[in-house]
file data.csv (CSV, C-alpha atoms)
chain,number,residue,atom,x,y,z
H,4,MET,CA,-50.8,-100.6,2.6
H,5,ASP,CA,-51.1,-98.4,5.7
H,6,ASN,CA,-52.8,-100.2,8.6
H,7,VAL,CA,-55.0,-97.1,9.2
H,8,ILE,CA,-56.3,-97.4,5.6
H,9,ILE,CA,-56.9,-101.2,6.0
H,10,THR,CA,-58.8,-100.6,9.2
H,11,LYS,CA,-61.0,-97.9,7.6
H,12,ARG,CA,-61.7,-100.1,4.7
H,13,TYR,CA,-62.7,-103.0,7.0
H,14,ILE,CA,-65.0,-100.8,9.1
H,15,GLY,CA,-66.5,-99.3,5.9
H,16,ALA,CA,-67.1,-102.8,4.5
H,17,VAL,CA,-68.8,-103.9,7.7
H,18,LEU,CA,-70.9,-100.7,7.9
H,19,SER,CA,-72.0,-101.0,4.3
H,20,PHE,CA,-73.0,-104.6,4.7
H,21,LEU,CA,-75.0,-104.0,7.9
H,22,MET,CA,-76.7,-100.9,6.3
H,23,LEU,CA,-77.6,-102.9,3.2
H,24,LEU,CA,-79.1,-105.6,5.3
H,25,ASN,CA,-81.0,-103.1,7.4
H,26,ILE,CA,-82.4,-101.2,4.5
H,27,ILE,CA,-83.7,-104.5,2.9
H,28,LEU,CA,-85.4,-105.3,6.2
H,29,VAL,CA,-86.9,-101.8,6.3
H,30,ALA,CA,-88.2,-102.1,2.8
H,31,ASN,CA,-89.9,-105.4,3.5
H,32,PHE,CA,-91.1,-105.2,7.1
H,33,ASP,CA,-93.0,-102.4,9.0
H,34,ASN,CA,-90.9,-102.8,12.1
H,35,TYR,CA,-89.7,-99.7,13.9
H,36,PHE,CA,-86.7,-101.5,15.3
H,37,PHE,CA,-85.2,-101.8,11.7
H,38,VAL,CA,-85.7,-98.1,11.2
H,39,ILE,CA,-84.0,-97.2,14.4
H,40,SER,CA,-81.1,-99.6,13.4
H,41,VAL,CA,-80.6,-97.5,10.2
H,42,PHE,CA,-80.2,-94.3,12.1
H,43,LEU,CA,-78.0,-95.9,14.7
H,44,LEU,CA,-75.7,-97.2,12.0
H,45,GLY,CA,-75.7,-93.7,10.5
H,46,SER,CA,-74.8,-92.3,13.9
H,47,PHE,CA,-72.0,-94.8,14.3
H,48,LYS,CA,-70.6,-93.6,10.9
H,49,LEU,CA,-70.6,-90.0,12.2
H,50,ILE,CA,-68.8,-91.1,15.3
H,51,ASN,CA,-66.3,-93.1,13.3
H,52,ASP,CA,-65.6,-90.1,11.1
H,53,LYS,CA,-65.1,-88.0,14.3
H,54,PHE,CA,-68.0,-85.7,13.2
H,55,ASP,CA,-65.9,-84.4,10.3
H,56,PHE,CA,-68.6,-82.2,8.7
H,57,LEU,CA,-66.5,-81.8,5.6
H,58,LYS,CA,-67.1,-85.4,4.5
H,59,PRO,CA,-70.0,-85.9,2.2
H,60,SER,CA,-71.5,-88.6,4.5
H,61,SER,CA,-71.8,-86.1,7.3
H,62,GLY,CA,-73.6,-83.7,5.0
H,63,PHE,CA,-76.4,-86.2,4.5
H,64,LEU,CA,-76.3,-87.8,7.9
H,65,PHE,CA,-76.5,-84.8,10.2
H,66,PRO,CA,-79.8,-83.4,9.0
H,67,TRP,CA,-81.7,-86.6,8.6
H,68,ILE,CA,-80.6,-88.1,11.9
H,69,LEU,CA,-81.6,-84.8,13.5
H,70,LEU,CA,-85.0,-84.9,11.8
H,71,PHE,CA,-85.5,-88.5,13.1
H,72,ILE,CA,-84.8,-87.2,16.6
H,73,PHE,CA,-87.2,-84.2,16.1
H,74,LEU,CA,-89.9,-86.7,15.0
H,75,ASN,CA,-89.6,-88.4,18.4
H,76,LEU,CA,-89.7,-85.2,20.5
H,77,ASN,CA,-93.2,-84.6,21.9
H,78,ILE,CA,-92.9,-80.8,22.3
H,79,THR,CA,-95.6,-79.6,19.9
H,80,ILE,CA,-99.4,-80.2,19.7
H,81,TYR,CA,-98.8,-81.5,16.2
H,82,THR,CA,-96.8,-84.5,17.2
H,83,ARG,CA,-98.2,-87.7,15.7
H,84,ALA,CA,-97.2,-91.0,14.2
H,85,VAL,CA,-96.2,-91.1,10.5
H,86,ASP,CA,-96.8,-93.6,7.7
H,87,PRO,CA,-94.3,-96.5,7.4
H,88,LEU,CA,-93.5,-95.3,3.9
H,89,THR,CA,-92.5,-91.9,5.3
H,90,LEU,CA,-90.0,-93.6,7.6
H,91,ARG,CA,-88.6,-95.6,4.7
H,92,LEU,CA,-88.1,-92.4,2.8
H,93,MET,CA,-86.2,-90.9,5.7
H,94,CYS,CA,-84.0,-94.0,5.7
H,95,VAL,CA,-83.0,-93.5,2.1
H,96,PRO,CA,-80.4,-90.6,2.4
H,97,VAL,CA,-79.0,-92.1,5.7
H,98,SER,CA,-78.5,-95.6,4.3
H,99,LEU,CA,-77.2,-94.6,0.8
H,100,SER,CA,-74.9,-92.1,2.4
H,101,VAL,CA,-73.2,-94.8,4.6
H,102,ILE,CA,-72.9,-97.1,1.6
H,103,ILE,CA,-71.8,-94.8,-1.2
H,104,SER,CA,-69.4,-92.7,0.9
H,105,SER,CA,-67.8,-95.8,2.6
H,106,ASP,CA,-64.1,-95.9,3.0
H,107,PHE,CA,-64.4,-99.4,1.5
H,108,PHE,CA,-64.3,-97.7,-1.9
H,109,ASN,CA,-60.9,-96.2,-2.4
H,110,LEU,CA,-61.4,-93.8,-5.3
H,111,THR,CA,-58.7,-91.2,-4.4
H,112,ARG,CA,-55.6,-90.4,-6.3
H,113,LYS,CA,-52.4,-88.4,-5.9
H,114,ALA,CA,-53.0,-84.7,-5.4
H,115,LEU,CA,-52.2,-82.3,-8.2
H,116,VAL,CA,-50.3,-79.3,-6.8
H,117,PHE,CA,-50.3,-75.8,-8.3
H,118,PRO,CA,-47.6,-73.9,-6.5
H,119,LYS,CA,-48.1,-70.5,-8.2
H,120,ILE,CA,-51.4,-68.7,-8.5
H,121,VAL,CA,-51.8,-65.5,-10.6
H,122,ILE,CA,-54.8,-63.3,-10.0
H,123,ASN,CA,-56.3,-61.2,-12.7
H,124,GLN,CA,-57.4,-58.1,-10.7
H,125,THR,CA,-59.0,-56.3,-13.6
H,126,LYS,CA,-61.4,-59.2,-14.3
H,127,TYR,CA,-62.2,-59.5,-10.6
H,128,ASN,CA,-63.2,-55.9,-10.6
H,129,TYR,CA,-65.5,-56.5,-13.5
H,130,ILE,CA,-67.1,-59.4,-11.6
H,131,LEU,CA,-67.6,-57.1,-8.6
H,132,LEU,CA,-69.2,-54.4,-10.7
H,133,ILE,CA,-71.5,-56.8,-12.5
H,134,GLY,CA,-72.8,-58.1,-9.1
H,135,LEU,CA,-73.4,-54.6,-7.8
H,136,GLY,CA,-75.2,-53.7,-11.1
H,137,LEU,CA,-77.5,-56.7,-10.8
H,138,PHE,CA,-78.4,-55.6,-7.2
H,139,LEU,CA,-79.1,-52.0,-8.3
H,140,ILE,CA,-81.4,-53.1,-11.2
H,141,ASN,CA,-83.5,-55.2,-8.8
H,142,PHE,CA,-83.6,-52.4,-6.2
H,143,LEU,CA,-84.6,-49.7,-8.7
H,144,ALA,CA,-87.2,-52.0,-10.3
H,145,SER,CA,-88.8,-52.6,-6.9
H,146,GLY,CA,-88.3,-49.1,-5.4
H,147,PHE,CA,-87.8,-50.5,-1.8
H,148,LEU,CA,-85.7,-52.8,0.3
H,149,PRO,CA,-87.4,-55.5,2.4
H,150,LEU,CA,-85.5,-54.8,5.6
H,151,ILE,CA,-86.1,-51.0,5.4
H,152,ASN,CA,-89.8,-51.7,4.6
H,153,SER,CA,-90.1,-54.0,7.6
H,154,ILE,CA,-88.6,-51.4,10.0
H,155,GLN,CA,-90.7,-48.5,8.6
H,156,THR,CA,-94.1,-50.2,8.0
H,157,GLY,CA,-93.9,-53.6,9.7
H,158,GLN,CA,-94.4,-55.3,6.3
H,159,SER,CA,-91.3,-56.5,4.4
H,160,ASP,CA,-93.1,-57.2,1.1
H,161,TYR,CA,-90.3,-59.7,0.6
H,162,PHE,CA,-92.1,-61.7,-2.1
H,163,ASP,CA,-92.6,-58.6,-4.2
H,164,TYR,CA,-89.0,-57.6,-4.2
H,165,GLY,CA,-86.8,-57.7,-7.3
H,166,ILE,CA,-87.4,-58.8,-10.9
H,167,LYS,CA,-88.6,-62.4,-11.2
H,168,GLY,CA,-85.7,-64.5,-12.5
H,169,LEU,CA,-83.2,-61.7,-12.5
H,170,ASN,CA,-83.3,-61.5,-8.7
H,171,GLY,CA,-82.7,-65.2,-8.4
H,172,MET,CA,-79.8,-65.0,-10.8
H,173,PHE,CA,-78.3,-62.2,-8.6
H,174,TYR,CA,-78.5,-64.4,-5.5
H,175,ALA,CA,-76.7,-67.2,-7.3
H,176,TYR,CA,-74.1,-64.8,-8.7
H,177,ALA,CA,-73.6,-63.1,-5.3
H,178,ASN,CA,-73.3,-66.4,-3.4
H,179,ALA,CA,-70.6,-67.5,-5.9
H,180,PHE,CA,-68.9,-64.1,-5.5
H,181,CYS,CA,-68.8,-64.5,-1.7
H,182,LEU,CA,-66.7,-67.7,-2.2
H,183,LEU,CA,-64.5,-66.0,-4.7
H,184,ALA,CA,-63.8,-63.0,-2.4
H,185,TYR,CA,-63.1,-65.1,0.6
H,186,ALA,CA,-60.8,-67.4,-1.3
H,187,LEU,CA,-58.8,-64.4,-2.5
H,188,TYR,CA,-58.7,-63.0,1.0
H,189,LEU,CA,-57.3,-66.3,2.3
H,190,ASP,CA,-54.7,-66.4,-0.6
H,191,THR,CA,-53.6,-62.8,-0.3
H,192,SER,CA,-54.6,-61.6,3.2
H,193,ASN,CA,-55.8,-58.5,1.5
H,194,LYS,CA,-58.7,-57.1,3.6
H,195,LYS,CA,-60.4,-55.4,0.6
H,196,TYR,CA,-61.7,-58.9,-0.5
H,197,LEU,CA,-63.1,-59.5,3.0
H,198,MET,CA,-64.8,-56.1,2.8
H,199,HIS,CA,-66.4,-57.0,-0.5
H,200,LEU,CA,-67.7,-60.2,1.1
H,201,ILE,CA,-69.1,-58.3,4.1
H,202,ILE,CA,-70.9,-55.8,1.7
H,203,THR,CA,-72.4,-58.7,-0.2
H,204,VAL,CA,-73.8,-60.3,3.0
H,205,PHE,CA,-75.1,-56.9,4.1
H,206,ILE,CA,-77.0,-56.7,0.8
H,207,PHE,CA,-78.5,-60.1,1.6
H,208,LEU,CA,-79.6,-58.6,4.9
H,209,LEU,CA,-81.1,-55.6,3.2
H,210,CYS,CA,-83.1,-58.0,1.0
H,211,LEU,CA,-84.1,-59.9,4.1
H,212,THR,CA,-83.1,-63.2,2.5
H,213,ARG,CA,-82.2,-65.6,5.3
H,214,GLN,CA,-81.6,-68.5,3.0
H,215,ASN,CA,-78.8,-66.6,1.1
H,216,ILE,CA,-77.2,-65.4,4.3
H,217,ILE,CA,-77.1,-68.9,5.6
H,218,SER,CA,-75.9,-70.4,2.2
H,219,ALA,CA,-73.1,-67.8,1.9
H,220,ILE,CA,-71.9,-68.2,5.5
H,221,THR,CA,-72.1,-72.0,5.4
H,222,GLU,CA,-70.2,-72.3,2.1
H,223,ILE,CA,-67.6,-69.8,3.3
H,224,PHE,CA,-67.2,-71.9,6.5
H,225,ILE,CA,-66.7,-75.0,4.3
H,226,LEU,CA,-64.1,-73.2,2.1
H,227,HIS,CA,-62.2,-71.9,5.2
H,228,SER,CA,-62.1,-75.4,6.6
H,229,PHE,CA,-60.7,-76.9,3.4
H,230,LYS,CA,-58.0,-74.2,3.1
H,231,ARG,CA,-57.1,-73.7,6.8
H,232,GLY,CA,-58.2,-76.9,8.4
H,233,LEU,CA,-61.2,-77.8,10.6
H,234,ILE,CA,-61.8,-75.5,13.5
H,235,SER,CA,-62.3,-76.7,17.1
H,236,LYS,CA,-65.6,-78.2,18.1
H,237,LYS,CA,-66.1,-75.4,20.6
H,238,LYS,CA,-65.7,-72.6,18.0
H,239,MET,CA,-67.9,-74.4,15.6
H,240,LEU,CA,-70.7,-74.7,18.2
H,241,LEU,CA,-70.3,-71.0,18.9
H,242,TYR,CA,-70.6,-70.0,15.3
H,243,VAL,CA,-73.5,-72.3,14.7
H,244,GLY,CA,-75.2,-70.9,17.8
H,245,LEU,CA,-74.7,-67.3,16.5
H,246,LEU,CA,-76.0,-68.3,13.1
H,247,LEU,CA,-79.1,-69.9,14.6
H,248,PHE,CA,-79.7,-66.9,16.8
H,249,ALA,CA,-79.6,-64.6,13.7
H,250,PHE,CA,-81.9,-67.0,11.8
H,251,GLY,CA,-84.4,-67.0,14.6
H,252,ALA,CA,-84.3,-63.2,14.9
H,253,MET,CA,-84.9,-62.7,11.2
H,254,GLY,CA,-87.7,-65.3,11.3
H,255,GLU,CA,-89.4,-63.4,14.1
H,256,LEU,CA,-89.1,-60.2,12.2
H,257,ARG,CA,-90.7,-61.7,9.1
H,258,SER,CA,-93.2,-64.2,10.5
H,259,GLY,CA,-94.1,-63.5,14.1
H,260,ASP,CA,-94.0,-65.6,17.3
H,261,ILE,CA,-92.7,-69.0,16.3
H,262,LYS,CA,-93.8,-70.7,19.5
H,263,GLU,CA,-97.4,-69.9,18.8
H,264,ILE,CA,-97.2,-70.7,15.1
H,265,MET,CA,-95.8,-74.2,15.7
H,266,GLY,CA,-98.0,-75.1,18.7
H,267,LEU,CA,-95.3,-75.4,21.3
H,268,ARG,CA,-96.5,-77.1,24.5
H,269,LYS,CA,-96.3,-74.8,27.5
H,270,ASP,CA,-93.9,-77.1,29.3
H,271,TYR,CA,-91.3,-76.3,26.7
H,272,PHE,CA,-91.6,-72.5,26.4
H,273,TRP,CA,-88.1,-72.3,28.0
H,274,LEU,CA,-86.5,-73.6,24.8
H,275,PRO,CA,-84.5,-70.9,22.9
H,276,THR,CA,-86.2,-69.4,19.9
H,277,SER,CA,-83.4,-70.4,17.6
H,278,PHE,CA,-83.8,-74.1,18.4
H,279,ILE,CA,-87.6,-73.8,17.9
H,280,TRP,CA,-87.0,-72.4,14.4
H,281,VAL,CA,-84.7,-75.2,13.4
H,282,TYR,CA,-86.9,-77.8,15.0
H,283,SER,CA,-90.0,-76.4,13.2
H,284,TYR,CA,-88.4,-76.3,9.7
H,285,GLY,CA,-87.3,-79.9,10.2
H,286,PHE,CA,-90.3,-81.4,12.0
H,287,PHE,CA,-93.0,-79.9,9.8
H,288,ASN,CA,-91.1,-80.9,6.7
H,289,VAL,CA,-91.5,-84.5,7.8
H,290,LEU,CA,-95.2,-84.0,8.5
H,291,ASN,CA,-95.6,-82.4,5.0
H,292,LEU,CA,-93.8,-85.4,3.5
H,293,ASP,CA,-96.1,-87.7,5.4
H,294,ASN,CA,-99.2,-85.8,4.1
H,295,LEU,CA,-97.9,-86.3,0.6
H,296,VAL,CA,-97.4,-90.0,1.2
H,297,THR,CA,-100.9,-90.5,2.7
H,298,SER,CA,-102.5,-88.5,-0.1
H,299,LYS,CA,-101.1,-91.0,-2.7
H,300,ALA,CA,-100.5,-88.0,-5.0
H,301,PHE,CA,-97.0,-89.1,-6.0
H,302,GLY,CA,-95.3,-90.9,-8.9
H,303,LEU,CA,-97.1,-88.5,-11.3
H,304,PHE,CA,-94.1,-88.3,-13.8
H,305,ASP,CA,-95.1,-84.8,-14.9
H,306,ASN,CA,-91.5,-83.3,-14.7
H,307,SER,CA,-92.7,-80.9,-12.0
H,308,SER,CA,-89.4,-81.3,-10.1
H,309,ILE,CA,-87.2,-80.5,-13.1
H,310,SER,CA,-89.3,-77.4,-13.8
H,311,PHE,CA,-87.6,-75.7,-10.8
H,312,LEU,CA,-84.4,-75.5,-12.9
H,313,LEU,CA,-86.2,-73.0,-15.0
H,314,PRO,CA,-86.5,-69.3,-14.1
H,315,SER,CA,-89.8,-68.6,-12.3
H,316,PHE,CA,-91.3,-66.6,-15.2
H,317,LEU,CA,-90.6,-69.5,-17.6
H,318,ARG,CA,-91.8,-72.2,-15.3
H,319,PRO,CA,-95.0,-74.0,-16.4
H,320,LYS,CA,-98.0,-74.3,-14.1
H,321,PHE,CA,-99.0,-77.8,-13.0
H,322,GLU,CA,-102.2,-79.2,-11.8
H,323,ALA,CA,-103.1,-77.9,-8.3
H,324,GLN,CA,-102.2,-80.2,-5.5
H,325,PRO,CA,-104.4,-80.9,-2.5
H,326,ASP,CA,-103.5,-79.0,0.7
H,327,LEU,CA,-100.6,-81.0,2.1
H,328,LEU,CA,-99.3,-78.5,4.6
H,329,GLU,CA,-99.5,-79.4,8.2
H,330,VAL,CA,-99.2,-75.8,9.2
H,331,ILE,CA,-99.6,-73.1,6.5
H,332,ASN,CA,-96.7,-71.1,7.7
H,333,PHE,CA,-94.3,-73.9,7.0
H,334,ASN,CA,-94.8,-74.2,3.3
H,335,ILE,CA,-91.4,-75.7,2.4
H,336,SER,CA,-90.4,-79.3,2.1
H,337,SER,CA,-87.4,-81.5,2.0
H,338,TYR,CA,-85.7,-82.5,-1.2
H,339,ILE,CA,-87.7,-85.7,-1.1
H,340,ASN,CA,-91.1,-84.1,-1.6
H,341,PRO,CA,-90.8,-82.8,-5.2
H,342,ILE,CA,-88.8,-85.9,-6.3
H,343,LEU,CA,-91.4,-88.3,-4.7
H,344,ARG,CA,-94.3,-86.4,-6.2
H,345,ASP,CA,-92.7,-86.5,-9.7
H,346,TRP,CA,-90.7,-89.8,-9.8
H,347,GLY,CA,-92.2,-91.9,-7.0
H,348,TYR,CA,-90.5,-94.0,-4.4
H,349,TYR,CA,-87.9,-95.7,-6.6
H,350,GLY,CA,-87.2,-92.5,-8.4
H,351,THR,CA,-86.4,-90.9,-5.1
H,352,ILE,CA,-83.9,-93.7,-4.4
H,353,VAL,CA,-82.2,-93.4,-7.8
H,354,PHE,CA,-82.0,-89.6,-7.5
H,355,THR,CA,-80.5,-89.8,-4.0
H,356,GLY,CA,-77.9,-92.3,-5.1
H,357,ILE,CA,-76.9,-90.1,-8.1
H,358,ILE,CA,-76.5,-86.9,-6.2
H,359,MET,CA,-74.6,-88.7,-3.4
H,360,PHE,CA,-72.2,-90.3,-6.0
H,361,PHE,CA,-71.4,-86.9,-7.5
H,362,THR,CA,-71.0,-85.3,-4.1
H,363,VAL,CA,-68.5,-88.0,-3.1
H,364,LYS,CA,-66.6,-87.5,-6.4
H,365,SER,CA,-66.6,-83.7,-5.9
H,366,TYR,CA,-65.2,-84.2,-2.4
H,367,GLN,CA,-62.4,-86.4,-3.8
H,368,ALA,CA,-61.7,-83.8,-6.5
H,369,ALA,CA,-61.5,-81.0,-3.8
H,370,LYS,CA,-59.1,-83.1,-1.7
H,371,ASN,CA,-56.9,-84.1,-4.7
H,372,HIS,CA,-56.7,-80.8,-6.6
H,373,ALA,CA,-57.2,-78.3,-3.8
H,374,ASN,CA,-57.9,-75.4,-6.2
H,375,PHE,CA,-60.7,-72.8,-6.2
H,376,LYS,CA,-62.9,-74.5,-8.7
H,377,SER,CA,-62.9,-78.0,-7.1
H,378,ILE,CA,-63.3,-76.7,-3.5
H,379,SER,CA,-65.9,-74.1,-4.3
H,380,ILE,CA,-68.1,-76.6,-6.3
H,381,TYR,CA,-67.9,-79.0,-3.4
H,382,CYS,CA,-68.9,-76.2,-1.0
H,383,VAL,CA,-72.2,-75.8,-3.0
H,384,LEU,CA,-72.9,-79.5,-3.2
H,385,LEU,CA,-72.2,-80.0,0.5
H,386,PHE,CA,-74.5,-77.1,1.4
H,387,CYS,CA,-77.2,-78.8,-0.7
H,388,ALA,CA,-76.7,-82.0,1.4
H,389,LEU,CA,-76.6,-80.3,4.8
H,390,PHE,CA,-79.8,-78.5,4.0
H,391,SER,CA,-81.6,-81.3,2.1
H,392,PHE,CA,-84.2,-81.3,4.9
H,393,PHE,CA,-85.2,-77.8,3.8
H,394,ILE,CA,-85.9,-78.0,0.0
H,395,ASN,CA,-84.3,-79.6,-3.0
H,396,PHE,CA,-81.4,-77.2,-3.4
H,397,TRP,CA,-80.0,-79.3,-6.2
H,398,PHE,CA,-82.9,-78.1,-8.3
H,399,TYR,CA,-83.0,-74.6,-6.8
H,400,LEU,CA,-81.5,-72.0,-9.2
H,401,PRO,CA,-80.2,-69.4,-6.7
H,402,ILE,CA,-78.0,-72.2,-5.2
H,403,ILE,CA,-77.2,-74.7,-7.8
H,404,PHE,CA,-76.6,-72.0,-10.5
H,405,GLN,CA,-73.6,-70.9,-8.5
H,406,ILE,CA,-71.6,-73.7,-10.1
H,407,PRO,CA,-71.5,-72.2,-13.6
H,408,PHE,CA,-70.6,-68.9,-12.1
H,409,LEU,CA,-67.8,-70.5,-10.0
H,410,ILE,CA,-66.4,-72.2,-13.1
H,411,LEU,CA,-66.4,-68.9,-15.0
H,412,PHE,CA,-64.8,-67.0,-12.0
H,413,ASN,CA,-62.1,-69.7,-11.8
H,414,LYS,CA,-61.4,-69.4,-15.5
H,415,TYR,CA,-61.1,-65.6,-15.7
H,416,VAL,CA,-59.7,-64.7,-12.3
H,417,PHE,CA,-57.2,-67.5,-11.5
H,418,LYS,CA,-54.3,-68.7,-13.5
H,419,TYR,CA,-52.4,-71.8,-12.2
H,420,GLU,CA,-48.8,-72.2,-13.2
H,421,LYS,CA,-46.8,-75.3,-12.5
H,422,ASN,CA,-43.1,-75.0,-11.5

call {"tool": "encode", "arguments": {"input": "data.csv", "output": "structure tokens"}}
result
Amino acid sequence: MDNVIITKRYIGAVLSFLMLLNIILVANFDNYFFVISVFLLGSFKLINDKFDFLKPSSGFLFPWILLFIFLNLNITIYTRAVDPLTLRLMCVPVSLSVIISSDFFNLTRKALVFPKIVINQTKYNYILLIGLGLFLINFLASGFLPLINSIQTGQSDYFDYGIKGLNGMFYAYANAFCLLAYALYLDTSNKKYLMHLIITVFIFLLCLTRQNIISAITEIFILHSFKRGLISKKKMLLYVGLLLFAFGAMGELRSGDIKEIMGLRKDYFWLPTSFIWVYSYGFFNVLNLDNLVTSKAFGLFDNSSISFLLPSFLRPKFEAQPDLLEVINFNISSYINPILRDWGYYGTIVFTGIIMFFTVKSYQAAKNHANFKSISIYCVLLFCALFSFFINFWFYLPIIFQIPFLILFNKYVFKYEKN
């Protein structure tokens, strides 16, 4: 066996053992040192993986290590200590990520190669027309576009745009189409596919949906890295910086002055707006989680988390929850909140373990098969992990419902022929 593989397995085994020991200590003792140890081991895993963001471990580690750092930055008037259970919950994705994605478990196999790919152009054109048709239906039903409304009146009316359920399906379809168009562009170098992708992202901009712009760009970036290799760290930082700048600008357009909303201390007004937006969506999610923990309103087992897999017009209403938002403007939560509320602490651990296992298996399939279906599905799952601090995208239809569309696109557009 290759010495490099043996070394990776050895390091993976040691990291897994140390992380398992630390998480047992965290679960039984309210000692901040044990919590810090979990995040230090997670950071070491990132360093050992050379910050390869394509790996499933990085997808879970990056956001939660960042949230832990945010929690310890005293830059807002809302900074406070959180409940020990909140810290334990933050340790769950970090610890399980190190253990489940460890190189100690060698589950890979020989790659399957498909040398020849045939593209069905007619069916691709149908897919394009269906996507444009879904957009037009939502636009005609609403009679306005949020971006144009915001420019003309100062009010985007974002939440009133589109037909409930159908608009969410369009976003899932359009995100999946972005991956399809970019994959075809990479395979053929035909710029018309790139133009179709740009038009779709422009539609997202007209709809003023930051989340879908970010999901499309992030998944395309993952797809590109799989097919063309990882880009340099400098370029990645540049692209991330531009994306954060755009995210902050759209946020200001929709919500107002972020520094005032999140109670930024005057000594830190020099911080860039894009960073403040990212910080706020991470930091206040932790405080919202802490409010849920201290309210004791969790472990209700009412299937409220699963209900998000239903279209909004079919979703049942649940008993009103107490006001758990630290700041009303930040009304979103990490993936943990709805799972904790529904299934409790141990249910959160089980759910996290399951999604991590399938994400790792999807990564291995993408590396082994290297076809559109396997890579694009992993793009979606890795996005869910990278943005797990935001909401539970695994149960969010406009994101997770990309997977059925991607499977259909793969079946009807691509034909793989072995030599």

call {"tool": "closest_residue", "arguments": {"input": "data.csv", "among": "H:Ala186, H:Ile217, H:Val416, H:Val330", "to": "H:Tyr129", "atoms": "all atoms listed in the file"}}
result
H:Val416

call {"tool": "closest_residue", "arguments": {"input": "data.csv", "among": "H:Ser283, H:Thr10, H:Thr221, H:Gln405", "to": "H:Phe333", "atoms": "only C-alpha atoms"}}
result
H:Ser283

call {"tool": "residues_around", "arguments": {"input": "data.csv", "residues": "H:Thr355", "least_positions_apart": "3", "cutoff": "12 Å", "atoms": "all atoms listed in the file", "output": "ChimeraX atom specification"}}
result
/H:63,92-100,102-103,338-339,342-343,346,348-352,358-362,387-388,391,395,397

call {"tool": "atom_distance", "arguments": {"input": "data.csv", "atom1": "atom CA of H:Ser228", "atom2": "atom CA of H:Phe180"}}
result
17.9 Å

call {"tool": "closest_residue", "arguments": {"input": "data.csv", "among": "H:Cys181, H:Phe229, H:Val38, H:Ser145", "to": "H:His372", "atoms": "only C-alpha atoms"}}
result
H:Phe229

call {"tool": "atom_distance", "arguments": {"input": "data.csv", "atom1": "atom CA of H:Asn288", "atom2": "atom CA of H:Ser337"}}
result
6.0 Å

call {"tool": "atom_distance", "arguments": {"input": "data.csv", "atom1": "atom CA of H:Thr212", "atom2": "atom CA of H:Asn128"}}
result
24.9 Å

call {"tool": "residues_around", "arguments": {"input": "data.csv", "residues": "H:Val85", "least_positions_apart": "5", "cutoff": "12 Å", "atoms": "all atoms listed in the file", "output": "short mmCIF file (atom, residue, chain, number, x, y, z; two decimals) with C-alpha atoms, in the frame of the given file"}}
result
data_model
loop_
_atom_site.label_atom_id
_atom_site.label_comp_id
_atom_site.auth_asym_id
_atom_site.auth_seq_id
_atom_site.Cartn_x
_atom_site.Cartn_y
_atom_site.Cartn_z
CA ASP H 33 -93.00 -102.40 9.00
CA TYR H 35 -89.70 -99.70 13.90
CA PHE H 71 -85.50 -88.50 13.10
CA LEU H 74 -89.90 -86.70 15.00
CA ASN H 75 -89.60 -88.40 18.40
CA LEU H 90 -90.00 -93.60 7.60
CA ARG H 91 -88.60 -95.60 4.70
CA LEU H 92 -88.10 -92.40 2.80
CA MET H 93 -86.20 -90.90 5.70
CA PHE H 286 -90.30 -81.40 12.00
CA PHE H 287 -93.00 -79.90 9.80
CA VAL H 289 -91.50 -84.50 7.80
CA LEU H 290 -95.20 -84.00 8.50
CA ASN H 291 -95.60 -82.40 5.00
CA LEU H 292 -93.80 -85.40 3.50
CA ASP H 293 -96.10 -87.70 5.40
CA ASN H 294 -99.20 -85.80 4.10
CA LEU H 295 -97.90 -86.30 0.60
CA VAL H 296 -97.40 -90.00 1.20
CA THR H 297 -100.90 -90.50 2.70
#

call {"tool": "residues_around", "arguments": {"input": "data.csv", "residues": "H:Pro407", "least_positions_apart": "3", "cutoff": "10 Å", "atoms": "all atoms listed in the file", "output": "PyMOL selection string"}}
result
chain H and resi 175-176+179+380+403-404+410-413

call {"tool": "closest_residue", "arguments": {"input": "data.csv", "among": "H:Pro149, H:Gly232, H:Gly62, H:Gly285", "to": "H:Leu208", "atoms": "only C-alpha atoms"}}
result
H:Pro149

call {"tool": "closest_residue", "arguments": {"input": "data.csv", "among": "H:Ser277, H:Gly266, H:Phe32, H:Ser365", "to": "H:Thr82", "atoms": "all atoms listed in the file"}}
result
H:Gly266

call {"tool": "closest_residue", "arguments": {"input": "data.csv", "among": "H:Thr89, H:Ser40, H:Ser105, H:Tyr188", "to": "H:Arg12", "atoms": "all atoms listed in the file"}}
result
H:Ser105

call {"tool": "residues_near_point", "arguments": {"input": "data.csv", "point": "(-87.0, -50.9, -5.8)", "cutoff": "12 Å", "atoms": "all atoms listed in the file", "output": "ChimeraX atom specification"}}
result
/H:138-149,151-152,160-161,163-166,170,209-210

call {"tool": "residues_around", "arguments": {"input": "data.csv", "residues": "H:Phe311", "least_positions_apart": "5", "cutoff": "9 Å", "atoms": "all atoms listed in the file", "output": "list in words"}}
result
Arg318, Phe398, Tyr399 and Leu400 of chain H

call {"tool": "write_last_selection", "arguments": {"input": "data.csv", "atoms": "C-alpha atoms", "output": "PDB file, in the coordinates of the input"}}
result
ATOM      1  CA  ARG H 318     -91.800 -72.200 -15.300  1.00  0.00           C
ATOM      2  CA  PHE H 398     -82.900 -78.100  -8.300  1.00  0.00           C
ATOM      3  CA  TYR H 399     -83.000 -74.600  -6.800  1.00  0.00           C
ATOM      4  CA  LEU H 400     -81.500 -72.000  -9.200  1.00  0.00           C
TER       5      LEU H 400
END
